[in-house]
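> Quick one, model.cif (mmCIF, C-alpha atoms):
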data_target
loop_
_atom_site.label_atom_id
_atom_site.label_comp_id
_atom_site.auth_asym_id
_atom_site.auth_seq_id
_atom_site.Cartn_x
_atom_site.Cartn_y
_atom_site.Cartn_z
CA MET A 1 101.04 112.16 62.83
CA LEU A 2 103.22 109.12 62.08
CA LEU A 3 102.30 105.85 60.38
CA VAL A 4 102.94 102.97 62.79
CA ASN A 5 101.90 99.38 62.01
CA GLY A 6 99.36 100.57 59.49
CA ALA A 7 97.78 103.16 61.78
CA TYR A 8 98.39 106.88 62.19
CA ARG A 9 99.60 107.73 65.72
CA ASN A 10 100.69 111.00 67.27
CA GLU A 11 104.12 111.29 68.88
CA LYS A 12 102.67 111.48 72.40
CA GLU A 13 100.94 108.12 71.99
CA ILE A 14 104.17 106.53 70.75
CA THR A 15 106.16 107.97 73.68
CA ILE A 16 103.66 106.54 76.19
CA ASP A 17 103.81 103.12 74.53
CA THR A 18 107.61 103.02 74.79
CA GLN A 19 107.75 104.12 78.43
CA LYS A 20 108.40 101.39 80.93
CA LYS A 21 105.77 100.79 83.59
CA TYR A 22 106.60 100.24 87.25
CA PHE A 23 104.57 98.79 90.09
CA ILE A 24 105.46 99.04 93.79
CA GLU A 25 103.93 96.88 96.51
CA THR A 26 104.45 98.25 100.01
CA TYR A 27 104.53 96.26 103.24
CA GLY A 28 104.87 97.50 106.80
CA CYS A 29 104.86 100.97 108.32
CA GLN A 30 104.03 104.48 107.14
CA MET A 31 107.75 105.11 106.60
CA ASN A 32 107.68 102.40 103.95
CA GLU A 33 104.65 104.09 102.36
CA TYR A 34 106.64 107.31 102.17
CA ASP A 35 109.72 105.54 100.80
CA SER A 36 107.62 103.92 98.06
CA GLU A 37 106.40 107.37 97.03
CA LEU A 38 110.02 108.56 97.09
CA VAL A 39 111.10 105.71 94.80
CA ALA A 40 108.13 106.40 92.52
CA GLY A 41 109.35 110.00 92.19
CA LEU A 42 112.83 108.80 91.22
CA LEU A 43 111.44 106.41 88.60
CA GLU A 44 109.11 108.96 87.06
CA LYS A 45 112.08 111.30 86.59
CA GLU A 46 113.57 108.46 84.53
CA ASN A 47 110.47 108.33 82.29
CA TYR A 48 108.80 105.34 83.98
CA ILE A 49 105.03 105.49 84.41
CA ARG A 50 102.94 103.93 87.16
CA ALA A 51 101.17 100.65 86.37
CA GLU A 52 97.92 99.74 88.07
CA SER A 53 98.93 96.10 88.62
CA SER A 54 102.04 93.93 88.65
CA ALA A 55 100.74 92.06 85.57
CA GLU A 56 101.22 95.10 83.32
CA ALA A 57 104.58 96.28 84.71
CA GLN A 58 108.08 95.82 83.34
CA LEU A 59 109.51 96.69 86.78
CA ILE A 60 108.03 95.18 89.95
CA LEU A 61 109.35 96.36 93.31
CA LEU A 62 108.49 95.04 96.76
CA ASN A 63 109.18 97.54 99.55
CA THR A 64 109.59 95.26 102.52
CA CYS A 65 109.36 95.09 106.31
CA SER A 66 111.38 93.02 108.78
CA VAL A 67 109.73 94.10 112.00
CA ARG A 68 107.72 90.89 112.37
CA GLU A 69 108.28 87.36 111.13
CA HIS A 70 104.95 87.15 109.33
CA ALA A 71 105.89 90.11 107.13
CA GLU A 72 108.99 88.28 105.87
CA GLU A 73 106.98 85.13 105.15
CA LYS A 74 104.58 87.19 103.02
CA ILE A 75 107.45 88.64 100.98
CA HIS A 76 108.94 85.22 100.25
CA ALA A 77 105.55 83.92 99.13
CA ARG A 78 104.91 87.00 96.99
CA LEU A 79 108.30 86.75 95.27
CA SER A 80 107.55 83.12 94.38
CA ASN A 81 104.27 84.25 92.82
CA LEU A 82 105.96 87.02 90.85
CA LYS A 83 108.45 84.64 89.24
CA VAL A 84 105.77 83.70 86.68
CA PHE A 85 106.03 87.20 85.13
CA LYS A 86 109.77 86.79 84.66
CA ASP A 87 109.34 83.28 83.24
CA ARG A 88 106.85 84.72 80.76
CA ASP A 89 108.99 87.75 79.85
CA PRO A 90 112.72 87.78 80.75
CA GLU A 91 112.75 91.57 80.27
CA VAL A 92 110.67 91.99 83.44
CA GLN A 93 112.79 93.15 86.38
CA ILE A 94 112.02 92.35 90.02
CA GLY A 95 113.47 94.23 92.97
CA VAL A 96 113.36 94.00 96.75
CA LEU A 97 113.69 97.27 98.66
CA GLY A 98 113.75 98.33 102.28
CA CYS A 99 114.27 96.61 105.59
CA MET A 100 114.13 92.99 104.45
CA ALA A 101 116.60 93.75 101.67
CA GLN A 102 118.91 95.18 104.32
CA ASN A 103 118.46 92.36 106.79
CA LEU A 104 118.16 89.21 104.68
CA LYS A 105 120.04 89.91 101.45
CA GLU A 106 122.04 86.65 101.57
CA GLU A 107 118.90 84.58 102.12
CA LEU A 108 117.18 86.36 99.24
CA LEU A 109 120.10 85.77 96.88
CA GLU A 110 120.17 82.08 97.73
CA SER A 111 116.46 81.34 97.62
CA LYS A 112 115.31 83.87 94.98
CA PRO A 113 118.17 84.19 92.44
CA TYR A 114 115.78 85.68 89.86
CA VAL A 115 115.52 88.90 91.89
CA ASP A 116 117.39 91.55 89.88
CA VAL A 117 117.91 94.29 92.46
CA ILE A 118 118.25 94.25 96.26
CA LEU A 119 118.35 97.75 97.67
CA GLY A 120 118.53 98.94 101.28
CA PRO A 121 116.64 102.01 102.56
CA ASP A 122 119.65 104.34 102.26
CA SER A 123 120.43 103.48 98.62
CA TYR A 124 117.32 104.50 96.67
CA ARG A 125 119.17 107.19 94.70
CA ARG A 126 121.11 104.42 92.97
CA LEU A 127 118.04 102.55 91.74
CA PRO A 128 117.87 103.90 88.14
CA GLY A 129 121.55 103.13 87.51
CA MET A 130 121.29 99.71 89.17
CA LEU A 131 118.35 98.75 86.97
CA SER A 132 120.41 99.49 83.86
CA LYS A 133 123.42 97.61 85.23
CA SER A 134 121.32 94.60 86.22
CA LYS A 135 119.82 94.34 82.77
CA ASP A 136 123.12 94.70 80.90
CA SER A 137 125.50 92.56 82.94
CA SER A 138 125.25 90.74 86.27
CA PRO A 139 122.17 88.67 87.14
CA ASN A 140 121.52 90.80 90.21
CA THR A 141 122.85 93.94 91.84
CA ILE A 142 122.92 94.80 95.53
CA ASP A 143 123.44 97.91 97.63
CA THR A 144 122.57 97.73 101.31
CA LYS A 145 125.12 100.16 102.73
CA LEU A 146 123.76 102.22 105.61
CA SER A 147 124.44 105.95 105.67
CA ARG A 148 125.04 108.43 108.47
CA MET A 149 123.94 111.28 106.19
CA GLU A 150 121.19 110.24 103.75
CA VAL A 151 117.79 111.83 104.45
CA TYR A 152 116.64 112.37 100.82
CA GLU A 153 115.80 115.98 101.57
CA ASP A 154 116.22 117.17 97.97
CA LEU A 155 113.90 114.53 96.49
CA PHE A 156 110.13 114.79 96.22
CA PRO A 157 107.81 111.79 96.39
CA ALA A 158 105.33 110.99 93.61
CA ARG A 159 102.07 110.91 95.54
CA ARG A 160 98.64 109.88 94.36
CA GLU A 161 95.84 112.33 94.99
CA GLY A 162 94.46 112.18 98.50
CA ILE A 163 93.74 113.94 101.76
CA ASN A 164 96.74 113.02 103.93
CA ALA A 165 100.38 113.09 102.86
CA TRP A 166 103.24 111.38 104.69
CA VAL A 167 106.42 113.42 105.25
CA SER A 168 109.57 111.78 106.56
CA ILE A 169 111.43 114.25 108.78
CA MET A 170 114.20 111.90 109.94
CA ARG A 171 115.55 108.43 109.40
CA GLY A 172 117.04 105.69 111.54
CA CYS A 173 116.93 105.04 115.27
CA ASP A 174 119.34 105.35 118.20
CA LYS A 175 117.16 103.76 120.88
CA PHE A 176 118.12 100.08 120.35
CA CYS A 177 115.10 98.47 121.99
CA THR A 178 116.10 94.85 122.46
CA PHE A 179 113.13 93.52 120.44
CA CYS A 180 113.56 95.83 117.44
CA ILE A 181 115.51 95.29 114.22
CA VAL A 182 115.04 98.86 112.92
CA PRO A 183 118.43 100.33 114.05
CA PHE A 184 120.12 97.52 112.11
CA THR A 185 118.00 97.88 108.96
CA ARG A 186 117.61 101.69 108.84
CA GLY A 187 120.79 102.83 110.54
CA ARG A 188 121.46 105.58 113.04
CA GLU A 189 119.28 108.59 113.69
CA ARG A 190 119.61 111.69 111.51
CA SER A 191 117.22 114.57 110.83
CA ARG A 192 116.32 116.66 107.81
CA SER A 193 116.64 120.43 107.87
CA ILE A 194 113.51 122.33 108.86
CA SER A 195 113.68 124.30 105.61
CA SER A 196 113.55 121.13 103.48
CA VAL A 197 110.54 119.81 105.40
CA VAL A 198 108.75 123.15 105.05
CA GLU A 199 109.49 123.19 101.31
CA GLU A 200 108.01 119.72 100.90
CA VAL A 201 104.89 120.60 102.91
CA ARG A 202 104.38 123.70 100.77
CA GLN A 203 104.51 121.49 97.68
CA ILE A 204 102.01 119.13 99.34
CA LYS A 205 99.66 122.06 99.88
CA GLU A 206 99.99 123.08 96.21
CA ASP A 207 99.10 119.50 95.25
CA GLY A 208 95.81 119.81 97.13
CA PHE A 209 96.44 117.82 100.31
CA LYS A 210 94.74 119.07 103.47
CA GLU A 211 96.63 117.10 106.11
CA VAL A 212 100.24 116.05 106.67
CA THR A 213 101.63 113.37 108.95
CA LEU A 214 105.26 113.84 109.99
CA LEU A 215 107.14 110.56 110.25
CA GLY A 216 110.12 109.29 112.21
CA GLN A 217 111.00 106.15 114.07
CA ASN A 218 111.11 108.36 117.17
CA VAL A 219 109.70 111.52 115.67
CA ASN A 220 110.10 113.69 118.76
CA SER A 221 113.83 112.90 118.82
CA PHE A 222 114.14 115.23 115.79
CA ASN A 223 117.18 117.48 116.11
CA HIS A 224 118.75 119.39 113.23
CA GLU A 225 121.58 121.74 114.16
CA GLY A 226 120.03 122.25 117.59
CA HIS A 227 116.49 122.82 116.32
CA ARG A 228 114.03 120.43 117.96
CA PHE A 229 110.72 118.83 117.06
CA HIS A 230 108.39 121.44 118.57
CA GLU A 231 110.16 124.12 116.50
CA LEU A 232 109.59 122.12 113.33
CA LEU A 233 105.91 121.71 114.22
CA LEU A 234 105.52 125.47 114.58
CA GLU A 235 107.10 126.13 111.18
CA VAL A 236 104.83 123.57 109.48
CA ALA A 237 101.77 124.98 111.27
CA ASN A 238 102.52 128.41 109.81
CA ILE A 239 101.94 127.13 106.25
CA ASP A 240 98.56 128.36 105.00
CA GLY A 241 96.34 125.75 103.34
CA ILE A 242 97.34 122.81 105.54
CA ASP A 243 94.44 122.25 107.93
CA ARG A 244 95.76 119.44 110.10
CA ILE A 245 99.17 118.21 111.26
CA ARG A 246 99.75 114.77 112.73
CA TYR A 247 102.93 112.90 113.64
CA THR A 248 104.02 109.38 114.52
CA SER A 249 105.57 107.85 116.51
CA PRO A 250 106.95 109.71 119.52
CA HIS A 251 109.06 108.00 122.16
CA PRO A 252 107.86 108.43 125.76
CA GLN A 253 111.36 109.33 126.97
CA ASP A 254 111.56 112.31 124.59
CA PHE A 255 108.04 113.72 125.07
CA ASP A 256 108.71 117.02 126.84
CA ASP A 257 106.93 120.15 128.06
CA ASP A 258 107.63 122.06 124.84
CA LEU A 259 105.84 119.46 122.75
CA LEU A 260 102.94 119.28 125.19
CA ARG A 261 102.61 123.06 125.07
CA ILE A 262 102.37 123.05 121.25
CA HIS A 263 99.30 120.81 121.47
CA THR A 264 97.55 123.17 123.85
CA LYS A 265 98.23 126.33 121.81
CA ASN A 266 97.96 125.42 118.12
CA LYS A 267 94.74 123.94 116.77
CA LYS A 268 96.41 122.70 113.59
CA ILE A 269 98.36 120.17 115.68
CA CYS A 270 95.77 117.40 116.01
CA ASN A 271 94.67 116.29 119.47
CA HIS A 272 95.71 112.70 118.87
CA ILE A 273 98.96 111.28 120.23
CA HIS A 274 100.28 107.82 119.50
CA PHE A 275 102.08 106.98 122.73
CA PRO A 276 103.73 103.54 122.60
CA LEU A 277 103.64 101.73 125.95
CA GLN A 278 104.95 98.29 124.84
CA ALA A 279 104.68 96.95 128.43
CA GLY A 280 103.44 98.14 131.82
CA SER A 281 105.97 96.31 133.97
CA ASP A 282 109.22 98.03 134.90
CA SER A 283 111.15 94.75 134.77
CA VAL A 284 109.91 94.06 131.22
CA LEU A 285 110.50 97.67 130.14
CA HIS A 286 114.07 97.36 131.43
CA ARG A 287 114.68 94.16 129.48
CA MET A 288 113.21 95.86 126.41
CA ASN A 289 115.62 98.80 126.95
CA ARG A 290 112.73 101.23 126.66
CA THR A 291 114.55 103.77 128.93
CA TYR A 292 111.43 104.99 130.77
CA THR A 293 109.49 103.63 133.72
CA ARG A 294 105.87 102.73 134.14
CA GLN A 295 105.38 105.77 136.39
CA HIS A 296 106.94 108.15 133.88
CA PHE A 297 104.55 106.87 131.22
CA LEU A 298 101.51 107.19 133.49
CA ASP A 299 102.46 110.70 134.60
CA MET A 300 102.85 111.92 131.03
CA ALA A 301 99.61 110.26 129.90
CA ARG A 302 97.74 111.96 132.75
CA ARG A 303 99.17 115.33 131.75
CA MET A 304 98.11 114.78 128.13
CA ARG A 305 94.55 113.96 129.22
CA ALA A 306 94.44 116.95 131.57
CA GLU A 307 96.05 119.62 129.39
CA ILE A 308 95.05 118.81 125.77
CA PRO A 309 91.29 119.26 125.18
CA GLY A 310 89.64 116.10 123.88
CA VAL A 311 92.94 114.31 123.31
CA ALA A 312 92.86 110.72 122.06
CA LEU A 313 95.70 108.39 123.01
CA SER A 314 96.64 105.33 120.98
CA THR A 315 99.44 102.93 121.80
CA ASP A 316 101.46 99.82 120.91
CA MET A 317 101.71 96.84 123.25
CA ILE A 318 103.62 93.55 123.11
CA VAL A 319 102.61 90.44 125.05
CA GLY A 320 104.81 87.46 125.79
CA PHE A 321 108.17 89.22 125.78
CA PRO A 322 110.87 86.84 127.13
CA GLY A 323 110.63 86.58 130.89
CA GLU A 324 107.20 88.22 131.11
CA THR A 325 105.28 86.63 133.97
CA GLU A 326 101.54 86.70 134.58
CA ALA A 327 102.22 89.35 137.25
CA ASP A 328 104.08 91.47 134.68
CA PHE A 329 101.18 91.11 132.28
CA GLN A 330 98.72 92.17 134.97
CA GLU A 331 100.79 95.34 135.44
CA THR A 332 100.32 96.11 131.75
CA LEU A 333 96.56 95.61 132.09
CA ASP A 334 96.63 97.93 135.09
CA VAL A 335 98.28 100.69 133.03
CA MET A 336 95.62 100.15 130.38
CA ARG A 337 92.87 100.59 132.98
CA GLN A 338 94.44 103.80 134.28
CA VAL A 339 95.03 105.41 130.87
CA GLN A 340 92.08 103.88 128.99
CA PHE A 341 93.63 104.21 125.54
CA ASP A 342 91.31 105.15 122.69
CA THR A 343 92.88 102.51 120.43
CA ALA A 344 95.80 100.09 120.59
CA PHE A 345 97.91 98.01 118.26
CA THR A 346 98.62 94.74 120.06
CA PHE A 347 101.16 92.06 119.14
CA LYS A 348 102.55 88.75 120.31
CA TYR A 349 106.31 88.93 120.68
CA SER A 350 108.27 87.20 117.94
CA PRO A 351 112.09 87.13 118.01
CA ARG A 352 113.95 88.95 115.24
CA PRO A 353 117.37 87.48 114.43
CA GLY A 354 120.12 89.95 115.19
CA THR A 355 118.34 91.65 118.09
CA LYS A 356 119.40 91.34 121.73
CA ALA A 357 116.06 89.84 122.79
CA ALA A 358 116.51 86.98 120.32
CA GLU A 359 119.32 85.74 122.60
CA PHE A 360 117.09 85.59 125.69
CA GLN A 361 116.38 82.01 126.76
CA ASP A 362 113.30 82.48 128.95
CA SER A 363 110.70 82.57 126.19
CA VAL A 364 106.98 82.53 126.94
CA PRO A 365 105.03 79.54 125.50
CA ASP A 366 102.94 80.48 122.49
CA GLY A 367 99.73 79.34 124.15
CA GLU A 368 100.29 81.79 127.01
CA LYS A 369 101.10 84.58 124.54
CA GLN A 370 97.84 83.95 122.70
CA ASP A 371 95.82 83.87 125.92
CA ARG A 372 97.33 87.15 127.09
CA LEU A 373 96.77 88.76 123.69
CA GLU A 374 93.09 87.79 123.71
CA ARG A 375 92.60 89.20 127.22
CA MET A 376 94.39 92.41 126.23
CA ILE A 377 92.26 92.84 123.10
CA ALA A 378 89.06 92.25 125.06
CA LEU A 379 89.99 94.94 127.59
CA GLN A 380 90.98 97.38 124.86
CA LYS A 381 87.64 96.91 123.10
CA GLU A 382 85.91 97.99 126.33
CA HIS A 383 88.06 101.10 126.58
CA THR A 384 87.64 102.03 122.89
CA LEU A 385 83.88 101.80 123.14
CA PHE A 386 83.88 103.78 126.41
CA ARG A 387 85.93 106.59 124.87
CA ASN A 388 83.82 106.69 121.72
CA LYS A 389 80.47 106.66 123.54
CA ALA A 390 81.64 109.70 125.50
CA LEU A 391 81.42 111.66 122.23
CA ILE A 392 77.73 110.88 121.60
CA GLY A 393 75.88 114.19 121.53
CA ALA A 394 79.02 116.21 120.77
CA THR A 395 79.58 118.09 117.51
CA GLU A 396 82.94 117.25 115.95
CA GLU A 397 84.91 118.88 113.13
CA ILE A 398 85.31 116.21 110.44
CA LEU A 399 87.72 116.17 107.50
CA VAL A 400 85.90 114.30 104.71
CA GLU A 401 88.09 111.50 103.30
CA LYS A 402 86.11 109.19 101.00
CA ASN A 403 82.94 107.21 100.44
CA SER A 404 81.87 104.89 103.22
CA LYS A 405 82.71 101.27 102.45
CA LYS A 406 79.13 100.20 103.12
CA SER A 407 77.16 102.87 101.26
CA LYS A 408 77.83 105.35 98.44
CA LYS A 409 75.24 107.58 100.08
CA GLN A 410 77.54 108.11 103.06
CA HIS A 411 80.94 109.67 103.59
CA GLN A 412 83.76 108.62 105.88
CA GLY A 413 85.88 111.20 107.64
CA ARG A 414 87.98 111.69 110.75
CA THR A 415 87.84 113.84 113.80
CA ARG A 416 90.89 115.85 114.77
CA SER A 417 91.42 113.15 117.40
CA ASN A 418 91.70 110.54 114.59
CA LYS A 419 88.38 108.78 115.10
CA ILE A 420 86.50 107.42 112.07
CA VAL A 421 83.05 108.94 111.53
CA ILE A 422 80.35 107.80 109.07
CA PHE A 423 77.60 110.24 108.04
CA ASP A 424 75.06 110.82 105.25
CA LYS A 425 76.24 112.93 102.32
CA ALA A 426 74.95 116.48 102.00
CA GLY A 427 76.85 117.82 99.00
CA GLU A 428 80.32 117.94 100.55
CA LYS A 429 83.35 116.36 98.85
CA PRO A 430 86.63 114.78 100.03
CA GLY A 431 88.89 117.45 101.50
CA ASP A 432 86.02 119.52 102.89
CA ILE A 433 85.70 120.13 106.62
CA VAL A 434 82.19 119.78 108.06
CA ASN A 435 80.61 119.74 111.51
CA VAL A 436 79.01 116.42 112.43
CA LYS A 437 76.92 115.70 115.49
CA ILE A 438 77.80 112.25 116.85
CA THR A 439 74.73 110.08 117.41
CA ASP A 440 76.14 106.56 117.88
CA ALA A 441 79.32 104.61 118.57
CA GLN A 442 79.98 101.03 117.50
CA GLY A 443 83.42 99.55 118.07
CA ILE A 444 86.05 101.88 116.63
CA THR A 445 83.52 103.78 114.46
CA LEU A 446 81.36 106.81 115.21
CA PHE A 447 78.16 107.72 113.38
CA GLY A 448 76.45 111.08 113.01
CA HIS A 449 74.88 113.72 110.78
CA ILE A 450 76.03 117.05 109.42
CA VAL A 451 74.92 120.19 111.26
CA ASN A 452 75.36 123.84 110.35
#
Would you kindly transcribe this structure into structure tokens?

Amino acid sequence: MLLVNGAYRNEKEITIDTQKKYFIETYGCQMNEYDSELVAGLLEKENYIRAESSAEAQLILLNTCSVREHAEEKIHARLSNLKVFKDRDPEVQIGVLGCMAQNLKEELLESKPYVDVILGPDSYRRLPGMLSKSKDSSPNTIDTKLSRMEVYEDLFPARREGINAWVSIMRGCDKFCTFCIVPFTRGRERSRSISSVVEEVRQIKEDGFKEVTLLGQNVNSFNHEGHRFHELLLEVANIDGIDRIRYTSPHPQDFDDDLLRIHTKNKKICNHIHFPLQAGSDSVLHRMNRTYTRQHFLDMARRMRAEIPGVALSTDMIVGFPGETEADFQETLDVMRQVQFDTAFTFKYSPRPGTKAAEFQDSVPDGEKQDRLERMIALQKEHTLFRNKALIGATEEILVEKNSKKSKKQHQGRTRSNKIVIFDKAGEKPGDIVNVKITDAQGITLFGHIVN
């Protein structure tokens, strides 16, 4: 015991008091969630500890997204709010990480000069050294170089306890869709070794997670030294203790027979596929540089429905892409009616500076975009309810996740097909797998009760 400020303290208490606290706010996709966990792992190796709020942290990091304009507006507003912590304590450091750091570093330097560190998605290894440099010398430090090699395969994320763990298996993108900024903010496509992914999943299992989700911008484009995505899936599925394997997002052009076969033969590979359509018109798909046709998409979706028992299909769709006519939009609605997606993420097109589509002159008026979006959402709600009602009376295997938001007497879990289910508690705990008979469907949510 040591005497400190008139009180006896043990050395462990003193060490904790002198450790710096960090806080990371994450915006955007699951890849950003994973990268935040990766950065947390780096910081904790440097003796930082996680803070529960930005108000108690000496290091505040925003992991940012540039996919849509609204995301960038949120970051600018949040940085303005965070300035009060630096005004109050000049020792506080603020950093911007990720896609927005890569894409808008000059704008950030000009409008937010109090930001200490600006770090692109391929430069996270440098963060500890940059924090020291920023504090000792220059007002801010920047590294946004893109790499052809960096995949962080020897680093392990610092995850909170939970049920599902994200695992990045590759980085970057080679597709260059004309609406998308990702190839310019995350660089070219490169894959981790299968052995490094397997090692990380084994660690995830030891940490108590029951489910993993493999991540990549085009996850089924995975290729490491000739080994392809379906081979990686098989290796991960062979790890005992992991009950479910998911992945996102595949590209329709690269979804092949080998991957389809894996779904039909291995129960650990969940029967949910996120299959991004973006548009149902060949002319719009061509302008988007999506590299597949409407018919190719429909044929593959039909095969998924026919060959994978109980498969659920989700998708992404954009309305109001430059040049999209009402006839083009009707073709997208027609694809929706043929596939009847279980769920969909729907967006109005917004131009991203630096992309090819931002140069197109034939923009769609915002009022028409909004009208099309509302019609699309209304149709999707019909299809979601139709798909969910088809499960009433069925008994589904549910992985228990957490308490229901509406009642502590109920649990929330998910089917293997990624549908949310609410049911009364019966002694199970998060991480358990139970059988639930589905009795009702409302919107995107199923309801039921546990059966033996």
> So, with only C-alpha atoms as the atoms that count, which of A:Lys369, A:Glu307, A:Gln340, A:Asn164 lies closest to Val319 of chain A?
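With only C-alpha atoms as the atom set, the closest residue is A:Lys369.
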> May I ask which of the residues A:Asp174, A:Glu211, A:Glu225, A:Glu44 is the closest one to Asp432 of chain A, counting only C-alpha atoms?
A:Glu211
> Using only C-alpha atoms, collect all residues at a distance of at most 12 Å from (101.3, 121.5, 125.4) as written in the file, then present them as a CSV table (one decimal) with C-alpha atoms, in the frame of the given file.

chain,number,residue,atom,x,y,z
A,230,HIS,CA,108.4,121.4,118.6
A,255,PHE,CA,108.0,113.7,125.1
A,256,ASP,CA,108.7,117.0,126.8
A,257,ASP,CA,106.9,120.2,128.1
A,258,ASP,CA,107.6,122.1,124.8
A,259,LEU,CA,105.8,119.5,122.8
A,260,LEU,CA,102.9,119.3,125.2
A,261,ARG,CA,102.6,123.1,125.1
A,262,ILE,CA,102.4,123.0,121.2
A,263,HIS,CA,99.3,120.8,121.5
A,264,THR,CA,97.6,123.2,123.8
A,265,LYS,CA,98.2,126.3,121.8
A,266,ASN,CA,98.0,125.4,118.1
A,267,LYS,CA,94.7,123.9,116.8
A,269,ILE,CA,98.4,120.2,115.7
A,270,CYS,CA,95.8,117.4,116.0
A,271,ASN,CA,94.7,116.3,119.5
A,273,ILE,CA,99.0,111.3,120.2
A,300,MET,CA,102.8,111.9,131.0
A,303,ARG,CA,99.2,115.3,131.8
A,304,MET,CA,98.1,114.8,128.1
A,305,ARG,CA,94.6,114.0,129.2
A,306,ALA,CA,94.4,117.0,131.6
A,307,GLU,CA,96.0,119.6,129.4
A,308,ILE,CA,95.0,118.8,125.8
A,309,PRO,CA,91.3,119.3,125.2
A,311,VAL,CA,92.9,114.3,123.3
> Distance atom CA of Gly162 of chain A-atom CA of Gln30 of chain A, one decimal place?
15.0 Å
> Any idea what's packed within 7 Å of Ala165 of chain A, counting only C-alpha atoms, ignoring anything in its chain fewer than 5 positions away? Could you give it as a list of chain:residue names?
A:Phe209, A:Glu211, A:Val212, A:Thr213
> Could you pull the residues within 9 Å of Ile239 of chain A, counting all atoms listed in the file, minus those fewer than 4 positions along the same chain, as a ChimeraX atom specification?
/A:198,201-202,205,235
> Store the residues picked out above, limited to C-alpha atoms, as a PDB file, in the coordinates of the input.

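The result, written out as part-v2.pdb:
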ATOM      1  CA  VAL A 198     108.750 123.150 105.050  1.00  0.00           C
ATOM      2  CA  VAL A 201     104.890 120.600 102.910  1.00  0.00           C
ATOM      3  CA  ARG A 202     104.380 123.700 100.770  1.00  0.00           C
ATOM      4  CA  LYS A 205      99.660 122.060  99.880  1.00  0.00           C
ATOM      5  CA  GLU A 235     107.100 126.130 111.180  1.00  0.00           C
TER       6      GLU A 235
END
> List the neighbours of Ala390 of chain A out to 10 Å using all atoms listed in the file; skip same-chain residues closer than 6 positions along the sequence, and give me the result as a PyMOL selection string.
chain A and resi 438+440-441
> Identify, on the basis of all atoms listed in the file, every residue whose closest approach to Tyr27 of chain A does not exceed 9 Å; exclude the query and any residue fewer than 2 positions from it along the same chain; express the result as a list in words.
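Once the nearby chain positions are removed, what remains is Glu25, Cys29, Asn32, Glu33, Leu62, Asn63, Thr64, Cys65, Ala71 and Ile75 of chain A.
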> Since I can't run it myself right now, could you work out what the PyMOL selection byres ((chain A and resi 419) around 12) selects here and report it as a PyMOL selection string?
chain A and resi 270-272+310-314+342-343+384-385+387-389+391+396-399+412-418+420-422+438+441-447
> Could you write out as a PyMOL selection string the residues that the PyMOL selection byres ((chain A and resi 247-250) around 8) matches in the shown file?
chain A and resi 213-221+245-246+251-252+254-255+273-276
> Applied to this file, what does the PyMOL selection byres ((chain A and resi 155) around 8) return in terms of residues, put as a PDB file with C-alpha atoms, in the frame of the given file?

ATOM      1  CA  LEU A  38     110.020 108.560  97.090  1.00  0.00           C
ATOM      2  CA  GLY A  41     109.350 110.000  92.190  1.00  0.00           C
ATOM      3  CA  LEU A  42     112.830 108.800  91.220  1.00  0.00           C
ATOM      4  CA  TYR A 152     116.640 112.370 100.820  1.00  0.00           C
ATOM      5  CA  GLU A 153     115.800 115.980 101.570  1.00  0.00           C
ATOM      6  CA  ASP A 154     116.220 117.170  97.970  1.00  0.00           C
ATOM      7  CA  PHE A 156     110.130 114.790  96.220  1.00  0.00           C
ATOM      8  CA  PRO A 157     107.810 111.790  96.390  1.00  0.00           C
TER       9      PRO A 157
END
> What is the distance, in Å and to one decimal place, between atom CA of Val436 of chain A and atom CA of Thr395 of chain A?
5.4 Å
> Quick one: distance from atom CA of Ala158 of chain A to atom CA of Ala237 of chain A in Å, one decimal?
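That distance, rounded to one decimal, is 22.8 Å.
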> Would you be able to write out as an NGL selection string which residues have an atom within 10 Å of (120.6, 106.5, 100.0) in the file's coordinates, counting only C-alpha atoms?
:A and (119-127 or 143-152)
> Determine the nearest neighbour of Ser195 of chain A from the options A:His227, A:Ser404, A:Met100, A:Arg171, counting only C-alpha atoms.
A:His227
